[in-house]
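Next comes my_file16.tsv, a file with TSV, N, CA, C and O atoms.
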```tsv
chain	number	residue	atom	x	y	z
A	1	MET	N	-29.98	-20.45	15.52
A	1	MET	CA	-29.64	-19.18	14.89
A	1	MET	C	-28.92	-19.47	13.58
A	1	MET	O	-27.99	-20.27	13.54
A	2	ASP	N	-29.33	-18.81	12.51
A	2	ASP	CA	-28.76	-19.03	11.19
A	2	ASP	C	-27.60	-18.07	10.95
A	2	ASP	O	-27.75	-16.87	11.08
A	3	CYS	N	-26.44	-18.59	10.60
A	3	CYS	CA	-25.25	-17.77	10.36
A	3	CYS	C	-24.98	-17.56	8.88
A	3	CYS	O	-23.95	-17.01	8.51
A	4	THR	N	-25.86	-17.96	8.01
A	4	THR	CA	-25.64	-17.87	6.57
A	4	THR	C	-25.33	-16.46	6.10
A	4	THR	O	-24.39	-16.27	5.36
A	5	PRO	N	-26.08	-15.41	6.50
A	5	PRO	CA	-25.76	-14.06	6.02
A	5	PRO	C	-24.33	-13.64	6.35
A	5	PRO	O	-23.67	-13.03	5.53
A	6	ALA	N	-23.86	-13.97	7.53
A	6	ALA	CA	-22.51	-13.59	7.90
A	6	ALA	C	-21.49	-14.27	7.01
A	6	ALA	O	-20.50	-13.68	6.58
A	7	ILE	N	-21.73	-15.53	6.68
A	7	ILE	CA	-20.81	-16.26	5.80
A	7	ILE	C	-20.84	-15.64	4.41
A	7	ILE	O	-19.80	-15.45	3.80
A	8	GLU	N	-22.03	-15.30	3.90
A	8	GLU	CA	-22.14	-14.69	2.58
A	8	GLU	C	-21.44	-13.34	2.54
A	8	GLU	O	-20.79	-13.00	1.56
A	9	ASN	N	-21.55	-12.57	3.59
A	9	ASN	CA	-20.91	-11.25	3.63
A	9	ASN	C	-19.39	-11.37	3.58
A	9	ASN	O	-18.71	-10.50	3.06
A	10	HIS	N	-18.84	-12.41	4.15
A	10	HIS	CA	-17.39	-12.58	4.19
A	10	HIS	C	-16.86	-13.36	3.00
A	10	HIS	O	-15.65	-13.41	2.80
A	11	ALA	N	-17.73	-13.95	2.21
A	11	ALA	CA	-17.30	-14.74	1.06
A	11	ALA	C	-16.53	-13.88	0.06
A	11	ALA	O	-15.60	-14.35	-0.58
A	12	MET	N	-16.89	-12.61	-0.06
A	12	MET	CA	-16.22	-11.71	-0.98
A	12	MET	C	-14.73	-11.62	-0.66
A	12	MET	O	-13.89	-11.58	-1.55
A	13	PHE	N	-14.39	-11.61	0.61
A	13	PHE	CA	-12.99	-11.48	1.01
A	13	PHE	C	-12.17	-12.72	0.65
A	13	PHE	O	-10.96	-12.66	0.53
A	14	LEU	N	-12.82	-13.84	0.49
A	14	LEU	CA	-12.13	-15.06	0.11
A	14	LEU	C	-11.81	-15.07	-1.38
A	14	LEU	O	-10.90	-15.75	-1.82
A	15	VAL	N	-12.55	-14.31	-2.16
A	15	VAL	CA	-12.40	-14.29	-3.61
A	15	VAL	C	-11.45	-13.18	-4.06
A	15	VAL	O	-10.67	-13.37	-4.98
A	16	LEU	N	-11.49	-12.02	-3.43
A	16	LEU	CA	-10.70	-10.88	-3.84
A	16	LEU	C	-9.34	-10.86	-3.14
A	16	LEU	O	-9.23	-11.14	-1.96
A	17	SER	N	-8.32	-10.51	-3.92
A	17	SER	CA	-6.98	-10.37	-3.35
A	17	SER	C	-6.90	-9.06	-2.58
A	17	SER	O	-7.75	-8.18	-2.75
A	18	PRO	N	-5.87	-8.87	-1.75
A	18	PRO	CA	-5.72	-7.59	-1.05
A	18	PRO	C	-5.63	-6.41	-2.03
A	18	PRO	O	-6.19	-5.35	-1.76
A	19	GLU	N	-4.96	-6.62	-3.15
A	19	GLU	CA	-4.85	-5.55	-4.15
A	19	GLU	C	-6.22	-5.21	-4.73
A	19	GLU	O	-6.57	-4.04	-4.92
A	20	GLU	N	-7.02	-6.24	-5.00
A	20	GLU	CA	-8.35	-6.00	-5.54
A	20	GLU	C	-9.24	-5.29	-4.53
A	20	GLU	O	-10.05	-4.43	-4.91
A	21	LEU	N	-9.10	-5.62	-3.26
A	21	LEU	CA	-9.86	-4.93	-2.22
A	21	LEU	C	-9.49	-3.46	-2.14
A	21	LEU	O	-10.35	-2.59	-1.99
A	22	LEU	N	-8.18	-3.14	-2.26
A	22	LEU	CA	-7.74	-1.74	-2.25
A	22	LEU	C	-8.30	-0.99	-3.45
A	22	LEU	O	-8.76	0.15	-3.33
A	23	ILE	N	-8.23	-1.62	-4.62
A	23	ILE	CA	-8.75	-0.99	-5.83
A	23	ILE	C	-10.24	-0.75	-5.69
A	23	ILE	O	-10.74	0.32	-6.06
A	24	GLN	N	-10.94	-1.73	-5.13
A	24	GLN	CA	-12.38	-1.59	-4.94
A	24	GLN	C	-12.68	-0.40	-4.00
A	24	GLN	O	-13.57	0.40	-4.28
A	25	ASP	N	-11.93	-0.27	-2.93
A	25	ASP	CA	-12.12	0.85	-2.00
A	25	ASP	C	-11.84	2.18	-2.69
A	25	ASP	O	-12.57	3.16	-2.50
A	26	GLU	N	-10.78	2.23	-3.50
A	26	GLU	CA	-10.44	3.47	-4.21
A	26	GLU	C	-11.52	3.82	-5.22
A	26	GLU	O	-11.89	4.99	-5.36
A	27	ASP	N	-12.04	2.82	-5.93
A	27	ASP	CA	-13.10	3.06	-6.90
A	27	ASP	C	-14.36	3.59	-6.22
A	27	ASP	O	-15.01	4.51	-6.73
A	28	GLU	N	-14.69	3.03	-5.06
A	28	GLU	CA	-15.87	3.48	-4.33
A	28	GLU	C	-15.68	4.91	-3.83
A	28	GLU	O	-16.61	5.73	-3.90
A	29	ALA	N	-14.48	5.24	-3.37
A	29	ALA	CA	-14.21	6.60	-2.91
A	29	ALA	C	-14.27	7.59	-4.07
A	29	ALA	O	-14.81	8.69	-3.93
A	30	ALA	N	-13.74	7.19	-5.22
A	30	ALA	CA	-13.78	8.06	-6.40
A	30	ALA	C	-15.21	8.28	-6.86
A	30	ALA	O	-15.59	9.41	-7.20
A	31	ALA	N	-16.02	7.24	-6.86
A	31	ALA	CA	-17.42	7.37	-7.26
A	31	ALA	C	-18.17	8.29	-6.30
A	31	ALA	O	-19.00	9.10	-6.72
A	32	GLU	N	-17.88	8.18	-5.01
A	32	GLU	CA	-18.52	9.04	-4.01
A	32	GLU	C	-18.14	10.50	-4.24
A	32	GLU	O	-18.99	11.40	-4.15
A	33	LEU	N	-16.88	10.76	-4.56
A	33	LEU	CA	-16.43	12.12	-4.82
A	33	LEU	C	-17.10	12.69	-6.07
A	33	LEU	O	-17.53	13.85	-6.09
A	34	VAL	N	-17.22	11.89	-7.11
A	34	VAL	CA	-17.91	12.33	-8.34
A	34	VAL	C	-19.35	12.71	-8.01
A	34	VAL	O	-19.85	13.74	-8.49
A	35	MET	N	-20.02	11.90	-7.20
A	35	MET	CA	-21.40	12.21	-6.85
A	35	MET	C	-21.50	13.51	-6.04
A	35	MET	O	-22.40	14.31	-6.27
A	36	GLU	N	-20.58	13.73	-5.12
A	36	GLU	CA	-20.57	14.98	-4.36
A	36	GLU	C	-20.36	16.17	-5.29
A	36	GLU	O	-21.04	17.19	-5.16
A	37	ASN	N	-19.44	16.03	-6.24
A	37	ASN	CA	-19.17	17.10	-7.20
A	37	ASN	C	-20.38	17.33	-8.10
A	37	ASN	O	-20.71	18.47	-8.43
A	38	LEU	N	-21.05	16.25	-8.48
A	38	LEU	CA	-22.23	16.37	-9.33
A	38	LEU	C	-23.35	17.10	-8.61
A	38	LEU	O	-24.01	17.95	-9.19
A	39	VAL	N	-23.54	16.82	-7.34
A	39	VAL	CA	-24.56	17.51	-6.55
A	39	VAL	C	-24.27	19.02	-6.53
A	39	VAL	O	-25.16	19.84	-6.73
A	40	ALA	N	-23.00	19.37	-6.32
A	40	ALA	CA	-22.61	20.78	-6.31
A	40	ALA	C	-22.84	21.41	-7.69
A	40	ALA	O	-23.35	22.54	-7.78
A	41	ALA	N	-22.50	20.70	-8.74
A	41	ALA	CA	-22.65	21.23	-10.10
A	41	ALA	C	-24.13	21.38	-10.48
A	41	ALA	O	-24.49	22.32	-11.20
A	42	MET	N	-24.96	20.49	-10.00
A	42	MET	CA	-26.39	20.54	-10.35
A	42	MET	C	-27.05	21.82	-9.86
A	42	MET	O	-28.04	22.27	-10.44
A	43	THR	N	-26.50	22.45	-8.84
A	43	THR	CA	-27.08	23.71	-8.34
A	43	THR	C	-26.91	24.83	-9.36
A	43	THR	O	-27.56	25.86	-9.24
A	44	ARG	N	-26.04	24.64	-10.34
A	44	ARG	CA	-25.81	25.64	-11.39
A	44	ARG	C	-26.86	25.59	-12.50
A	44	ARG	O	-26.93	26.48	-13.34
A	45	LEU	N	-27.65	24.52	-12.51
A	45	LEU	CA	-28.65	24.36	-13.56
A	45	LEU	C	-29.94	25.07	-13.20
A	45	LEU	O	-30.25	25.25	-12.02
A	46	SER	N	-30.69	25.45	-14.23
A	46	SER	CA	-32.03	25.99	-13.97
A	46	SER	C	-32.91	24.84	-13.47
A	46	SER	O	-32.60	23.67	-13.71
A	47	PRO	N	-33.99	25.16	-12.79
A	47	PRO	CA	-34.88	24.09	-12.33
A	47	PRO	C	-35.37	23.20	-13.48
A	47	PRO	O	-35.45	21.98	-13.33
A	48	ALA	N	-35.67	23.81	-14.63
A	48	ALA	CA	-36.14	23.02	-15.78
A	48	ALA	C	-35.04	22.09	-16.28
A	48	ALA	O	-35.30	20.92	-16.59
A	49	GLN	N	-33.80	22.59	-16.37
A	49	GLN	CA	-32.70	21.74	-16.83
A	49	GLN	C	-32.47	20.58	-15.86
A	49	GLN	O	-32.30	19.44	-16.29
A	50	ALA	N	-32.46	20.86	-14.58
A	50	ALA	CA	-32.25	19.82	-13.57
A	50	ALA	C	-33.36	18.77	-13.64
A	50	ALA	O	-33.09	17.57	-13.61
A	51	ARG	N	-34.59	19.21	-13.78
A	51	ARG	CA	-35.74	18.30	-13.85
A	51	ARG	C	-35.66	17.43	-15.10
A	51	ARG	O	-35.87	16.21	-15.04
A	52	ARG	N	-35.32	18.03	-16.22
A	52	ARG	CA	-35.25	17.28	-17.48
A	52	ARG	C	-34.05	16.33	-17.51
A	52	ARG	O	-34.15	15.23	-18.03
A	53	LEU	N	-32.94	16.75	-16.95
A	53	LEU	CA	-31.76	15.88	-16.86
A	53	LEU	C	-32.08	14.67	-15.98
A	53	LEU	O	-31.74	13.53	-16.32
A	54	HIS	N	-32.76	14.91	-14.87
A	54	HIS	CA	-33.18	13.83	-13.97
A	54	HIS	C	-34.12	12.87	-14.71
A	54	HIS	O	-33.97	11.64	-14.62
A	55	ALA	N	-35.07	13.43	-15.42
A	55	ALA	CA	-36.04	12.60	-16.16
A	55	ALA	C	-35.33	11.74	-17.20
A	55	ALA	O	-35.64	10.56	-17.37
A	56	ARG	N	-34.36	12.32	-17.88
A	56	ARG	CA	-33.65	11.61	-18.96
A	56	ARG	C	-32.76	10.49	-18.43
A	56	ARG	O	-32.78	9.37	-18.94
A	57	TYR	N	-31.95	10.79	-17.42
A	57	TYR	CA	-30.92	9.83	-17.01
A	57	TYR	C	-31.26	9.02	-15.76
A	57	TYR	O	-30.76	7.91	-15.62
A	58	VAL	N	-32.09	9.53	-14.90
A	58	VAL	CA	-32.47	8.75	-13.71
A	58	VAL	C	-33.75	7.97	-13.98
A	58	VAL	O	-33.82	6.77	-13.71
A	59	LEU	N	-34.73	8.65	-14.55
A	59	LEU	CA	-36.01	7.99	-14.85
A	59	LEU	C	-35.99	7.28	-16.20
A	59	LEU	O	-36.95	6.59	-16.54
A	60	LYS	N	-34.91	7.48	-16.98
A	60	LYS	CA	-34.71	6.81	-18.28
A	60	LYS	C	-35.81	7.14	-19.30
A	60	LYS	O	-36.19	6.32	-20.11
A	61	LYS	N	-36.30	8.38	-19.24
A	61	LYS	CA	-37.34	8.79	-20.19
A	61	LYS	C	-36.72	9.22	-21.51
A	61	LYS	O	-35.62	9.75	-21.56
A	62	LYS	N	-37.46	9.01	-22.56
A	62	LYS	CA	-37.09	9.48	-23.90
A	62	LYS	C	-37.41	10.98	-23.96
A	62	LYS	O	-38.25	11.49	-23.21
A	63	PHE	N	-36.79	11.68	-24.91
A	63	PHE	CA	-37.05	13.11	-25.04
A	63	PHE	C	-38.52	13.40	-25.31
A	63	PHE	O	-39.08	14.35	-24.79
A	64	TRP	N	-39.15	12.56	-26.13
A	64	TRP	CA	-40.56	12.80	-26.43
A	64	TRP	C	-41.44	12.63	-25.19
A	64	TRP	O	-42.46	13.30	-25.06
A	65	GLU	N	-41.02	11.76	-24.26
A	65	GLU	CA	-41.78	11.57	-23.02
A	65	GLU	C	-41.63	12.80	-22.12
A	65	GLU	O	-42.60	13.25	-21.50
A	66	ILE	N	-40.41	13.33	-22.04
A	66	ILE	CA	-40.18	14.55	-21.26
A	66	ILE	C	-41.00	15.68	-21.85
A	66	ILE	O	-41.65	16.45	-21.13
A	67	ALA	N	-40.96	15.78	-23.18
A	67	ALA	CA	-41.71	16.83	-23.87
A	67	ALA	C	-43.21	16.73	-23.59
A	67	ALA	O	-43.85	17.74	-23.28
A	68	ALA	N	-43.73	15.51	-23.64
A	68	ALA	CA	-45.16	15.32	-23.38
A	68	ALA	C	-45.52	15.68	-21.94
A	68	ALA	O	-46.56	16.30	-21.69
A	69	ASP	N	-44.65	15.33	-21.01
A	69	ASP	CA	-44.89	15.66	-19.60
A	69	ASP	C	-44.93	17.16	-19.35
A	69	ASP	O	-45.67	17.63	-18.49
A	70	GLU	N	-44.09	17.89	-20.10
A	70	GLU	CA	-43.94	19.32	-19.82
A	70	GLU	C	-44.62	20.23	-20.83
A	70	GLU	O	-44.52	21.46	-20.72
A	71	GLY	N	-45.24	19.66	-21.85
A	71	GLY	CA	-45.93	20.48	-22.84
A	71	GLY	C	-44.98	21.28	-23.72
A	71	GLY	O	-45.27	22.42	-24.09
A	72	ILE	N	-43.83	20.68	-24.05
A	72	ILE	CA	-42.85	21.31	-24.92
A	72	ILE	C	-42.56	20.37	-26.08
A	72	ILE	O	-43.03	19.24	-26.10
A	73	SER	N	-41.78	20.83	-27.04
A	73	SER	CA	-41.42	19.97	-28.16
A	73	SER	C	-40.28	19.03	-27.76
A	73	SER	O	-39.53	19.31	-26.81
A	74	GLY	N	-40.16	17.94	-28.49
A	74	GLY	CA	-39.07	17.00	-28.24
A	74	GLY	C	-37.72	17.64	-28.46
A	74	GLY	O	-36.77	17.38	-27.71
A	75	SER	N	-37.62	18.51	-29.47
A	75	SER	CA	-36.33	19.17	-29.73
A	75	SER	C	-35.98	20.14	-28.61
A	75	SER	O	-34.81	20.29	-28.25
A	76	CYS	N	-36.99	20.77	-28.02
A	76	CYS	CA	-36.75	21.67	-26.88
A	76	CYS	C	-36.24	20.88	-25.68
A	76	CYS	O	-35.31	21.30	-24.99
A	77	ALA	N	-36.82	19.71	-25.45
A	77	ALA	CA	-36.38	18.84	-24.35
A	77	ALA	C	-34.94	18.40	-24.58
A	77	ALA	O	-34.11	18.44	-23.66
A	78	ALA	N	-34.63	18.01	-25.80
A	78	ALA	CA	-33.27	17.56	-26.14
A	78	ALA	C	-32.27	18.70	-25.97
A	78	ALA	O	-31.18	18.49	-25.42
A	79	LYS	N	-32.62	19.89	-26.45
A	79	LYS	CA	-31.72	21.05	-26.32
A	79	LYS	C	-31.49	21.40	-24.85
A	79	LYS	O	-30.39	21.77	-24.45
A	80	SER	N	-32.52	21.30	-24.05
A	80	SER	CA	-32.42	21.62	-22.63
A	80	SER	C	-31.46	20.63	-21.93
A	80	SER	O	-30.60	21.05	-21.14
A	81	VAL	N	-31.61	19.35	-22.21
A	81	VAL	CA	-30.76	18.33	-21.60
A	81	VAL	C	-29.32	18.49	-22.09
A	81	VAL	O	-28.37	18.43	-21.30
A	82	THR	N	-29.15	18.73	-23.39
A	82	THR	CA	-27.81	18.93	-23.94
A	82	THR	C	-27.16	20.16	-23.32
A	82	THR	O	-25.97	20.14	-22.96
A	83	GLY	N	-27.92	21.24	-23.17
A	83	GLY	CA	-27.40	22.45	-22.53
A	83	GLY	C	-27.01	22.20	-21.09
A	83	GLY	O	-25.99	22.71	-20.61
A	84	ALA	N	-27.79	21.39	-20.39
A	84	ALA	CA	-27.48	21.06	-19.00
A	84	ALA	C	-26.17	20.28	-18.91
A	84	ALA	O	-25.33	20.56	-18.06
A	85	ILE	N	-25.99	19.32	-19.81
A	85	ILE	CA	-24.76	18.52	-19.82
A	85	ILE	C	-23.56	19.41	-20.11
A	85	ILE	O	-22.52	19.29	-19.44
A	86	MET	N	-23.70	20.30	-21.06
A	86	MET	CA	-22.59	21.22	-21.39
A	86	MET	C	-22.25	22.12	-20.20
A	86	MET	O	-21.08	22.35	-19.90
A	87	LYS	N	-23.27	22.60	-19.51
A	87	LYS	CA	-23.06	23.45	-18.34
A	87	LYS	C	-22.33	22.68	-17.24
A	87	LYS	O	-21.42	23.19	-16.59
A	88	LEU	N	-22.74	21.42	-17.02
A	88	LEU	CA	-22.08	20.58	-16.02
A	88	LEU	C	-20.63	20.31	-16.40
A	88	LEU	O	-19.74	20.37	-15.54
A	89	GLN	N	-20.39	20.03	-17.67
A	89	GLN	CA	-19.01	19.79	-18.13
A	89	GLN	C	-18.14	21.02	-17.89
A	89	GLN	O	-17.01	20.90	-17.38
A	90	LYS	N	-18.64	22.19	-18.23
A	90	LYS	CA	-17.87	23.42	-18.02
A	90	LYS	C	-17.56	23.64	-16.54
A	90	LYS	O	-16.46	24.04	-16.17
A	91	TYR	N	-18.54	23.36	-15.69
A	91	TYR	CA	-18.35	23.52	-14.26
A	91	TYR	C	-17.32	22.53	-13.73
A	91	TYR	O	-16.47	22.87	-12.91
A	92	PHE	N	-17.38	21.29	-14.20
A	92	PHE	CA	-16.41	20.28	-13.80
A	92	PHE	C	-15.00	20.67	-14.25
A	92	PHE	O	-14.04	20.54	-13.48
A	93	ILE	N	-14.86	21.16	-15.47
A	93	ILE	CA	-13.55	21.60	-15.99
A	93	ILE	C	-13.04	22.78	-15.18
A	93	ILE	O	-11.88	22.80	-14.77
A	94	LYS	N	-13.90	23.76	-14.95
A	94	LYS	CA	-13.53	24.97	-14.20
A	94	LYS	C	-12.99	24.63	-12.81
A	94	LYS	O	-12.06	25.25	-12.32
A	95	ASN	N	-13.57	23.61	-12.18
A	95	ASN	CA	-13.16	23.23	-10.83
A	95	ASN	C	-12.07	22.16	-10.80
A	95	ASN	O	-11.70	21.68	-9.73
A	96	GLY	N	-11.57	21.77	-11.98
A	96	GLY	CA	-10.49	20.80	-12.05
A	96	GLY	C	-10.94	19.37	-11.77
A	96	GLY	O	-10.12	18.52	-11.44
A	97	TRP	N	-12.22	19.10	-11.89
A	97	TRP	CA	-12.74	17.76	-11.63
A	97	TRP	C	-12.77	16.91	-12.89
A	97	TRP	O	-13.05	15.73	-12.85
A	98	MET	N	-12.48	17.56	-14.03
A	98	MET	CA	-12.53	16.88	-15.32
A	98	MET	C	-11.49	17.54	-16.21
A	98	MET	O	-11.37	18.76	-16.21
A	99	PRO	N	-10.73	16.73	-16.97
A	99	PRO	CA	-9.73	17.35	-17.85
A	99	PRO	C	-10.39	18.13	-18.98
A	99	PRO	O	-11.47	17.77	-19.46
A	100	LYS	N	-9.72	19.19	-19.39
A	100	LYS	CA	-10.21	20.00	-20.50
A	100	LYS	C	-9.99	19.22	-21.78
A	100	LYS	O	-8.92	18.67	-22.01
A	101	GLU	N	-11.03	19.15	-22.60
A	101	GLU	CA	-10.93	18.42	-23.85
A	101	GLU	C	-10.11	19.20	-24.87
A	101	GLU	O	-10.13	20.43	-24.88
A	102	ALA	N	-9.39	18.49	-25.70
A	102	ALA	CA	-8.55	19.12	-26.72
A	102	ALA	C	-9.36	19.60	-27.90
A	102	ALA	O	-10.43	19.20	-28.15
```

Represent the structure of the file as structure tokens.
Amino acid sequence: MDCTPAIENHAMFLVLSPEELLIQDEDEAAAELVMENLVAAMTRLSPAQARRLHARYVLKKKFWEIAADEGISGSCAAKSVTGAIMKLQKYFIKNGWMPKEA
């Protein structure tokens, strides 16, 4: 029986200090909370905005690619994504998940 995976899994604990492990846990919890908040905020977007935002940032498409996929202009795709980001920012600020910009 090969025990290599178990040793590799525990190797991280030999490298990180207790403080670093706590920070890592806090960072992971914070990232999870941001994702939960983002899922809630995404329900505020129109289907087109959500689809285009997903295409831009998850699928890494350029605006012209989104435009070609949907039969719209590149500037329309860019405005839609920008509008979606602004809507998400406002929702995050409203719910206290993001500081209000000066």

*Among listed residues A:Val34, A:Glu20, A:Ala41, A:Glu70, nearest Tyr91 (chain A) (using all atoms listed in the file)*: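 That would be A:Ala41, the residue with the smallest distance to Tyr91 (chain A).
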
*Identify which of the residues A:Ser73, A:Gln89, A:Ser17, A:Gln24 lies closest to Met42 (chain A), counting only C-alpha atoms when measuring atom-to-atom distances.*
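Checking each candidate against Met42 (chain A), we get A:Gln89 as the closest.
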
Name all residues at most 8 Å from Phe63 (chain A) (count all atoms listed in the file; drop same-chain ones fewer than 5 positions away) and give them as a PDB file with N, CA, C and O atoms, in the frame of the given file.
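Now in result_29.pdb:
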```
ATOM      1  N   ARG A  52     -35.320  18.030 -16.220  1.00  0.00           N
ATOM      2  CA  ARG A  52     -35.250  17.280 -17.480  1.00  0.00           C
ATOM      3  C   ARG A  52     -34.050  16.330 -17.510  1.00  0.00           C
ATOM      4  O   ARG A  52     -34.150  15.230 -18.030  1.00  0.00           O
ATOM      5  N   ALA A  55     -35.070  13.430 -15.420  1.00  0.00           N
ATOM      6  CA  ALA A  55     -36.040  12.600 -16.160  1.00  0.00           C
ATOM      7  C   ALA A  55     -35.330  11.740 -17.200  1.00  0.00           C
ATOM      8  O   ALA A  55     -35.640  10.560 -17.370  1.00  0.00           O
ATOM      9  N   ARG A  56     -34.360  12.320 -17.880  1.00  0.00           N
ATOM     10  CA  ARG A  56     -33.650  11.610 -18.960  1.00  0.00           C
ATOM     11  C   ARG A  56     -32.760  10.490 -18.430  1.00  0.00           C
ATOM     12  O   ARG A  56     -32.780   9.370 -18.940  1.00  0.00           O
ATOM     13  N   ALA A  68     -43.730  15.510 -23.640  1.00  0.00           N
ATOM     14  CA  ALA A  68     -45.160  15.320 -23.380  1.00  0.00           C
ATOM     15  C   ALA A  68     -45.520  15.680 -21.940  1.00  0.00           C
ATOM     16  O   ALA A  68     -46.560  16.300 -21.690  1.00  0.00           O
ATOM     17  N   ASP A  69     -44.650  15.330 -21.010  1.00  0.00           N
ATOM     18  CA  ASP A  69     -44.890  15.660 -19.600  1.00  0.00           C
ATOM     19  C   ASP A  69     -44.930  17.160 -19.350  1.00  0.00           C
ATOM     20  O   ASP A  69     -45.670  17.630 -18.490  1.00  0.00           O
ATOM     21  N   GLU A  70     -44.090  17.890 -20.100  1.00  0.00           N
ATOM     22  CA  GLU A  70     -43.940  19.320 -19.820  1.00  0.00           C
ATOM     23  C   GLU A  70     -44.620  20.230 -20.830  1.00  0.00           C
ATOM     24  O   GLU A  70     -44.520  21.460 -20.720  1.00  0.00           O
ATOM     25  N   ILE A  72     -43.830  20.680 -24.050  1.00  0.00           N
ATOM     26  CA  ILE A  72     -42.850  21.310 -24.920  1.00  0.00           C
ATOM     27  C   ILE A  72     -42.560  20.370 -26.080  1.00  0.00           C
ATOM     28  O   ILE A  72     -43.030  19.240 -26.100  1.00  0.00           O
ATOM     29  N   SER A  73     -41.780  20.830 -27.040  1.00  0.00           N
ATOM     30  CA  SER A  73     -41.420  19.970 -28.160  1.00  0.00           C
ATOM     31  C   SER A  73     -40.280  19.030 -27.760  1.00  0.00           C
ATOM     32  O   SER A  73     -39.530  19.310 -26.810  1.00  0.00           O
ATOM     33  N   GLY A  74     -40.160  17.940 -28.490  1.00  0.00           N
ATOM     34  CA  GLY A  74     -39.070  17.000 -28.240  1.00  0.00           C
ATOM     35  C   GLY A  74     -37.720  17.640 -28.460  1.00  0.00           C
ATOM     36  O   GLY A  74     -36.770  17.380 -27.710  1.00  0.00           O
ATOM     37  N   SER A  75     -37.620  18.510 -29.470  1.00  0.00           N
ATOM     38  CA  SER A  75     -36.330  19.170 -29.730  1.00  0.00           C
ATOM     39  C   SER A  75     -35.980  20.140 -28.610  1.00  0.00           C
ATOM     40  O   SER A  75     -34.810  20.290 -28.250  1.00  0.00           O
ATOM     41  N   CYS A  76     -36.990  20.770 -28.020  1.00  0.00           N
ATOM     42  CA  CYS A  76     -36.750  21.670 -26.880  1.00  0.00           C
ATOM     43  C   CYS A  76     -36.240  20.880 -25.680  1.00  0.00           C
ATOM     44  O   CYS A  76     -35.310  21.300 -24.990  1.00  0.00           O
ATOM     45  N   ALA A  77     -36.820  19.710 -25.450  1.00  0.00           N
ATOM     46  CA  ALA A  77     -36.380  18.840 -24.350  1.00  0.00           C
ATOM     47  C   ALA A  77     -34.940  18.400 -24.580  1.00  0.00           C
ATOM     48  O   ALA A  77     -34.110  18.440 -23.660  1.00  0.00           O
ATOM     49  N   ALA A  78     -34.630  18.010 -25.800  1.00  0.00           N
ATOM     50  CA  ALA A  78     -33.270  17.560 -26.140  1.00  0.00           C
ATOM     51  C   ALA A  78     -32.270  18.700 -25.970  1.00  0.00           C
ATOM     52  O   ALA A  78     -31.180  18.490 -25.420  1.00  0.00           O
TER      53      ALA A  78
END
```

*Rounded to one decimal place, report the CA of Asn37 (chain A)-atom O of Ala67 (chain A) distance in Å.*
29.5 Å

*Point out the residue among A:Glu36, A:Ala30, A:Thr82, A:Arg51 with the least atom-to-atom distance to Ile66 (chain A), counting all atoms listed in the file.*
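For Ile66 (chain A), the nearest of the candidates is A:Arg51.
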
*Among the residues of region 3-92 of chain A, find those DSSP assigns to helix (DSSP H, G or I) from the backbone and print them as a PyMOL selection string.*
chain A and resi 4-15+18-42+47-57+63-70+74-92

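Rounded to one decimal, atom N of Gln49 (chain A) and atom O of Ser80 (chain A) lie 5.9 Å from each other.
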
*Just give me the residues with any atom within 12 Å of (-21.1, 20.7, -19.3), file coordinates, counting only C-alpha atoms, written as a list in words.*
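Every polymer residue passing the test: Leu38, Ala41, Met42, Arg44, Leu45, Gln49, Leu53, Ser80, Val81, Thr82, Gly83, Ala84, Ile85, Met86, Lys87, Leu88, Gln89, Lys90, Tyr91, Phe92, Ile93, Lys94, Asn95, Trp97, Met98, Pro99, Lys100 and Glu101 of chain A.
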
*Mind pulling up the distance from CA of Met35 (chain A) to CA of Leu22 (chain A)?*
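Answer for the CA of Leu22 (chain A) to CA of Met35 (chain A) separation: 20.1 Å.
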